[in-house]
Amino acid sequence: MGQGEASARGTTMEGDCLSCIKYLMFVFNFLIFLGGSFLLGVGVWVLVDPTGFREIVAANPLLFTGVYIVLGMGGMLFLLGFLGCCGAIRENKCLLLFFFMLILLIFLAELAAAILAFIFREHLTREYFTKELKRHYQGYNNTDVFTSTWNAIMTTFDCCGVNSPEDFKDSLFRFINPEHVVPEACCQRANQAGELAYISQEQCLLGNMMFRNNKGCYSSVVDYFELYIYVAGALAIVVLTIELFAMVFAMCLFRGIQ
């Protein structure tokens, strides 16, 4: 009787533990499902918005790329949350296994991205960006992705060049536009009648320091995103930890389902 009672008690405790894991997984994945749905909704709304917001986003390559990143993340989280919820509440081994494999692929992709970022970290230096700017920036060719991206960065952050406007010396831009010292995107703008307009475009293009932005974009972008970089790093650690726990919980529930 003693052994039977101990066995029954152990089975009951194991069942309670599995039930706890099951409902924790459901709540956790339901939140992921809601987050993915929200991101998908925002991304789709921006792309089909009839009020003109789509044109504003499309005019800025950085924002336009960001919309598709949001859509991709939303779709991934939506699928992940759906599989986790259904697999946990229905105790479906197939869905749990698929959930585990998807989490594992995401985890390995993030790990690979971190390794690649470390290997190619020298491509994020001032010298690398300065060399690329001198070699590829054309100034007024909006069909060139590199040029339009740099124009968007310089107008968004009110900056010029990587380090300073001096970066355009001996560059492809000066070769194509020998009469201009800096591109139009470097010129200072002011709010006039509710719209941004150049203060003195002609003087700016001739190199007058009073009418151009003199701060480099590297410092401007780093200063702007410094806080976000630390927050993103902390979130990355939290996300990786959550993914590890999610894989452990999924395997425990998978093995516990009879």
# chains A, B, ... in the order shown; residues from 1 in each chain; ligands from 1
$ residues_around --residues "A:Ala246" --least-positions-apart "5" --cutoff "9 Å" --atoms "only C-alpha atoms" --output "list of chain:residue names"
A:Met25, A:Phe28, A:Phe100, A:Ile103, A:Thr241, A:Met251
$ residues_around --residues "A:Ile106" --least-positions-apart "4" --cutoff "10 Å" --atoms "only C-alpha atoms" --output "ChimeraX atom specification"
/A:76,100-102,110-112,240,243
$ closest_residue --among "A:Lys22, A:Arg174, A:Arg189, A:Arg135" --to "A:Ile89" --atoms "only C-alpha atoms"
A:Lys22
$ residues_around --residues "stretch 209-211 of chain A" --least-positions-apart "5" --cutoff "8 Å" --atoms "only C-alpha atoms" --output "list in words"
Cys187, Gln188, Ile199, Ser200, Gln201, Gln203 and Cys204 of chain A
$ closest_residue --among "A:Cys86, A:Leu71, A:Val239, A:Leu40" --to "A:Phe98" --atoms "only C-alpha atoms"
A:Cys86
$ residues_around --residues "A:Gly41" --least-positions-apart "2" --cutoff "12 Å" --atoms "only C-alpha atoms" --output "PyMOL selection string"
chain A and resi 34-39+43-49+67+70-75+78
$ atom_distance --atom1 "atom CA of A:Ser164" --atom2 "atom CA of A:Arg126"
11.1 Å
$ select_by_dssp --residues "stretch 112-245 of chain A" --states "strand (DSSP E or B)" --output "list in words"
Cys187, Arg189, Ala190, Asn191, Gln192, Glu195, Leu196, Ala197, Tyr198 and Arg212 of chain A
$ residues_around --residues "A:Glu184" --least-positions-apart "6" --cutoff "10 Å" --atoms "only C-alpha atoms" --output "JSON, numbers by chain"
{"A": [139, 140, 151, 154, 155, 160, 198, 201, 202, 204, 205, 212]}
$ write_last_selection --atoms "N, CA and C atoms" --output "mmCIF file, in the first residue's frame"
data_model
loop_
_atom_site.group_PDB
_atom_site.id
_atom_site.type_symbol
_atom_site.label_atom_id
_atom_site.label_comp_id
_atom_site.auth_asym_id
_atom_site.auth_seq_id
_atom_site.Cartn_x
_atom_site.Cartn_y
_atom_site.Cartn_z
ATOM 1 N N GLY A 139 24.788 61.663 -55.073
ATOM 2 C CA GLY A 139 24.197 62.961 -54.770
ATOM 3 C C GLY A 139 22.741 63.099 -55.151
ATOM 4 N N TYR A 140 22.424 63.014 -56.457
ATOM 5 C CA TYR A 140 21.061 63.320 -56.898
ATOM 6 C C TYR A 140 20.394 62.180 -57.653
ATOM 7 N N ASN A 151 20.928 59.977 -48.591
ATOM 8 C CA ASN A 151 20.146 61.225 -48.584
ATOM 9 C C ASN A 151 19.109 61.211 -47.466
ATOM 10 N N MET A 154 20.942 61.732 -44.095
ATOM 11 C CA MET A 154 21.423 63.097 -43.876
ATOM 12 C C MET A 154 20.284 64.082 -43.623
ATOM 13 N N THR A 155 19.148 63.891 -44.287
ATOM 14 C CA THR A 155 18.014 64.790 -44.046
ATOM 15 C C THR A 155 17.297 64.453 -42.739
ATOM 16 N N CYS A 160 25.924 65.666 -42.251
ATOM 17 C CA CYS A 160 26.549 65.725 -43.575
ATOM 18 C C CYS A 160 27.797 64.860 -43.590
ATOM 19 N N TYR A 198 14.695 74.796 -47.493
ATOM 20 C CA TYR A 198 16.114 75.128 -47.361
ATOM 21 C C TYR A 198 16.278 76.620 -47.072
ATOM 22 N N GLN A 201 19.863 77.449 -50.206
ATOM 23 C CA GLN A 201 20.379 76.268 -50.876
ATOM 24 C C GLN A 201 21.603 76.568 -51.727
ATOM 25 N N GLU A 202 21.580 77.695 -52.425
ATOM 26 C CA GLU A 202 22.690 78.036 -53.314
ATOM 27 C C GLU A 202 23.992 78.223 -52.538
ATOM 28 N N CYS A 204 24.657 77.060 -49.604
ATOM 29 C CA CYS A 204 25.017 75.768 -49.008
ATOM 30 C C CYS A 204 25.780 74.904 -49.996
ATOM 31 N N LEU A 205 25.270 74.798 -51.219
ATOM 32 C CA LEU A 205 25.909 73.952 -52.231
ATOM 33 C C LEU A 205 27.304 74.454 -52.592
ATOM 34 N N ARG A 212 24.926 75.024 -44.039
ATOM 35 C CA ARG A 212 24.978 73.576 -44.186
ATOM 36 C C ARG A 212 25.079 72.922 -42.806
#
$ select_by_dssp --residues "stretch 69-241 of chain A" --states "helix (DSSP H, G or I)" --output "PyMOL selection string"
chain A and resi 69-89+93-119+121-124+126-136+145-156+165-168+172-176+184-186+201-205+209-211+217-241
$ write_last_selection --atoms "C-alpha atoms" --output "tab-separated table (two decimals), in the first residue's frame"
chain	number	residue	atom	x	y	z
A	69	ILE	CA	10.76	44.13	-41.17
A	70	VAL	CA	7.71	44.79	-38.97
A	71	LEU	CA	5.57	42.59	-41.23
A	72	GLY	CA	8.13	39.78	-41.14
A	73	MET	CA	8.48	39.93	-37.36
A	74	GLY	CA	4.71	40.10	-36.93
A	75	GLY	CA	4.13	37.07	-39.16
A	76	MET	CA	6.81	35.06	-37.38
A	77	LEU	CA	5.46	35.91	-33.90
A	78	PHE	CA	1.87	35.26	-35.05
A	79	LEU	CA	2.77	31.77	-36.29
A	80	LEU	CA	4.93	31.03	-33.25
A	81	GLY	CA	2.24	32.07	-30.77
A	82	PHE	CA	-0.47	30.15	-32.64
A	83	LEU	CA	1.54	26.93	-32.70
A	84	GLY	CA	2.49	27.28	-29.03
A	85	CYS	CA	-1.08	27.98	-27.90
A	86	CYS	CA	-2.66	25.15	-29.89
A	87	GLY	CA	0.08	22.68	-29.03
A	88	ALA	CA	-0.13	23.43	-25.30
A	89	ILE	CA	-3.91	23.56	-24.82
A	93	LYS	CA	2.68	16.39	-29.89
A	94	CYS	CA	2.97	17.32	-33.58
A	95	LEU	CA	2.31	21.02	-32.95
A	96	LEU	CA	4.64	21.05	-29.93
A	97	LEU	CA	7.41	19.47	-31.99
A	98	PHE	CA	6.86	22.00	-34.79
A	99	PHE	CA	6.91	24.81	-32.20
A	100	PHE	CA	10.17	23.48	-30.77
A	101	MET	CA	11.78	23.24	-34.22
A	102	LEU	CA	10.70	26.78	-35.13
A	103	ILE	CA	12.06	28.19	-31.85
A	104	LEU	CA	15.29	26.26	-32.40
A	105	LEU	CA	15.68	27.67	-35.93
A	106	ILE	CA	15.09	31.22	-34.67
A	107	PHE	CA	17.58	30.68	-31.85
A	108	LEU	CA	20.24	29.35	-34.26
A	109	ALA	CA	19.59	32.23	-36.70
A	110	GLU	CA	20.04	34.79	-33.90
A	111	LEU	CA	23.21	33.04	-32.79
A	112	ALA	CA	24.53	33.06	-36.38
A	113	ALA	CA	23.68	36.77	-36.72
A	114	ALA	CA	25.58	37.55	-33.51
A	115	ILE	CA	28.63	35.59	-34.76
A	116	LEU	CA	28.51	37.34	-38.16
A	117	ALA	CA	28.18	40.75	-36.48
A	118	PHE	CA	31.30	39.98	-34.45
A	119	ILE	CA	33.23	38.73	-37.49
A	121	ARG	CA	32.43	44.33	-36.95
A	122	GLU	CA	35.18	46.17	-38.87
A	123	HIS	CA	32.55	47.05	-41.50
A	124	LEU	CA	30.84	49.29	-38.94
A	126	ARG	CA	34.02	55.31	-39.57
A	127	GLU	CA	36.78	54.47	-42.04
A	128	TYR	CA	34.69	51.83	-43.83
A	129	PHE	CA	31.62	54.09	-44.18
A	130	THR	CA	33.80	57.01	-45.33
A	131	LYS	CA	35.44	54.86	-48.02
A	132	GLU	CA	32.07	53.57	-49.24
A	133	LEU	CA	30.59	57.10	-49.29
A	134	LYS	CA	33.47	58.42	-51.39
A	135	ARG	CA	33.24	55.52	-53.84
A	136	HIS	CA	29.47	55.14	-54.34
A	145	VAL	CA	19.66	52.67	-53.40
A	146	PHE	CA	22.97	53.64	-51.79
A	147	THR	CA	22.54	57.31	-52.70
A	148	SER	CA	18.88	57.55	-51.71
A	149	THR	CA	19.60	55.84	-48.38
A	150	TRP	CA	22.38	58.30	-47.57
A	151	ASN	CA	20.15	61.22	-48.58
A	152	ALA	CA	17.46	59.92	-46.21
A	153	ILE	CA	19.99	59.59	-43.37
A	154	MET	CA	21.42	63.10	-43.88
A	155	THR	CA	18.01	64.79	-44.05
A	156	THR	CA	16.59	62.78	-41.14
A	165	PRO	CA	31.26	67.69	-45.02
A	166	GLU	CA	34.98	67.27	-45.79
A	167	ASP	CA	34.25	63.61	-46.61
A	168	PHE	CA	33.01	64.69	-50.06
A	172	LEU	CA	32.48	60.33	-56.80
A	173	PHE	CA	29.95	63.04	-55.89
A	174	ARG	CA	32.48	65.83	-56.57
A	175	PHE	CA	33.52	64.14	-59.81
A	176	ILE	CA	29.89	64.06	-61.02
A	184	GLU	CA	21.58	69.19	-51.29
A	185	ALA	CA	20.82	66.76	-48.44
A	186	CYS	CA	23.49	68.52	-46.34
A	201	GLN	CA	20.38	76.27	-50.88
A	202	GLU	CA	22.69	78.04	-53.31
A	203	GLN	CA	25.09	79.20	-50.60
A	204	CYS	CA	25.02	75.77	-49.01
A	205	LEU	CA	25.91	73.95	-52.23
A	209	MET	CA	29.35	76.71	-43.44
A	210	MET	CA	26.54	78.99	-42.21
A	211	PHE	CA	23.92	77.22	-44.32
A	217	CYS	CA	26.23	61.37	-39.58
A	218	TYR	CA	28.24	58.71	-37.74
A	219	SER	CA	28.20	60.72	-34.49
A	220	SER	CA	24.58	61.82	-35.01
A	221	VAL	CA	23.28	58.28	-35.54
A	222	VAL	CA	25.34	56.80	-32.69
A	223	ASP	CA	24.19	59.55	-30.30
A	224	TYR	CA	20.57	59.06	-31.33
A	225	PHE	CA	20.59	55.27	-31.05
A	226	GLU	CA	22.96	54.91	-28.08
A	227	LEU	CA	20.16	54.29	-25.58
A	228	TYR	CA	18.33	52.01	-28.01
A	229	ILE	CA	21.49	49.94	-28.58
A	230	TYR	CA	21.79	49.20	-24.85
A	231	VAL	CA	18.06	48.46	-24.61
A	232	ALA	CA	18.26	46.18	-27.68
A	233	GLY	CA	21.21	44.32	-26.15
A	234	ALA	CA	19.33	43.78	-22.89
A	235	LEU	CA	16.21	42.68	-24.79
A	236	ALA	CA	18.29	40.27	-26.89
A	237	ILE	CA	19.55	38.57	-23.73
A	238	VAL	CA	16.00	38.38	-22.34
A	239	VAL	CA	14.63	37.00	-25.63
A	240	LEU	CA	17.35	34.33	-25.87
A	241	THR	CA	16.64	33.29	-22.28
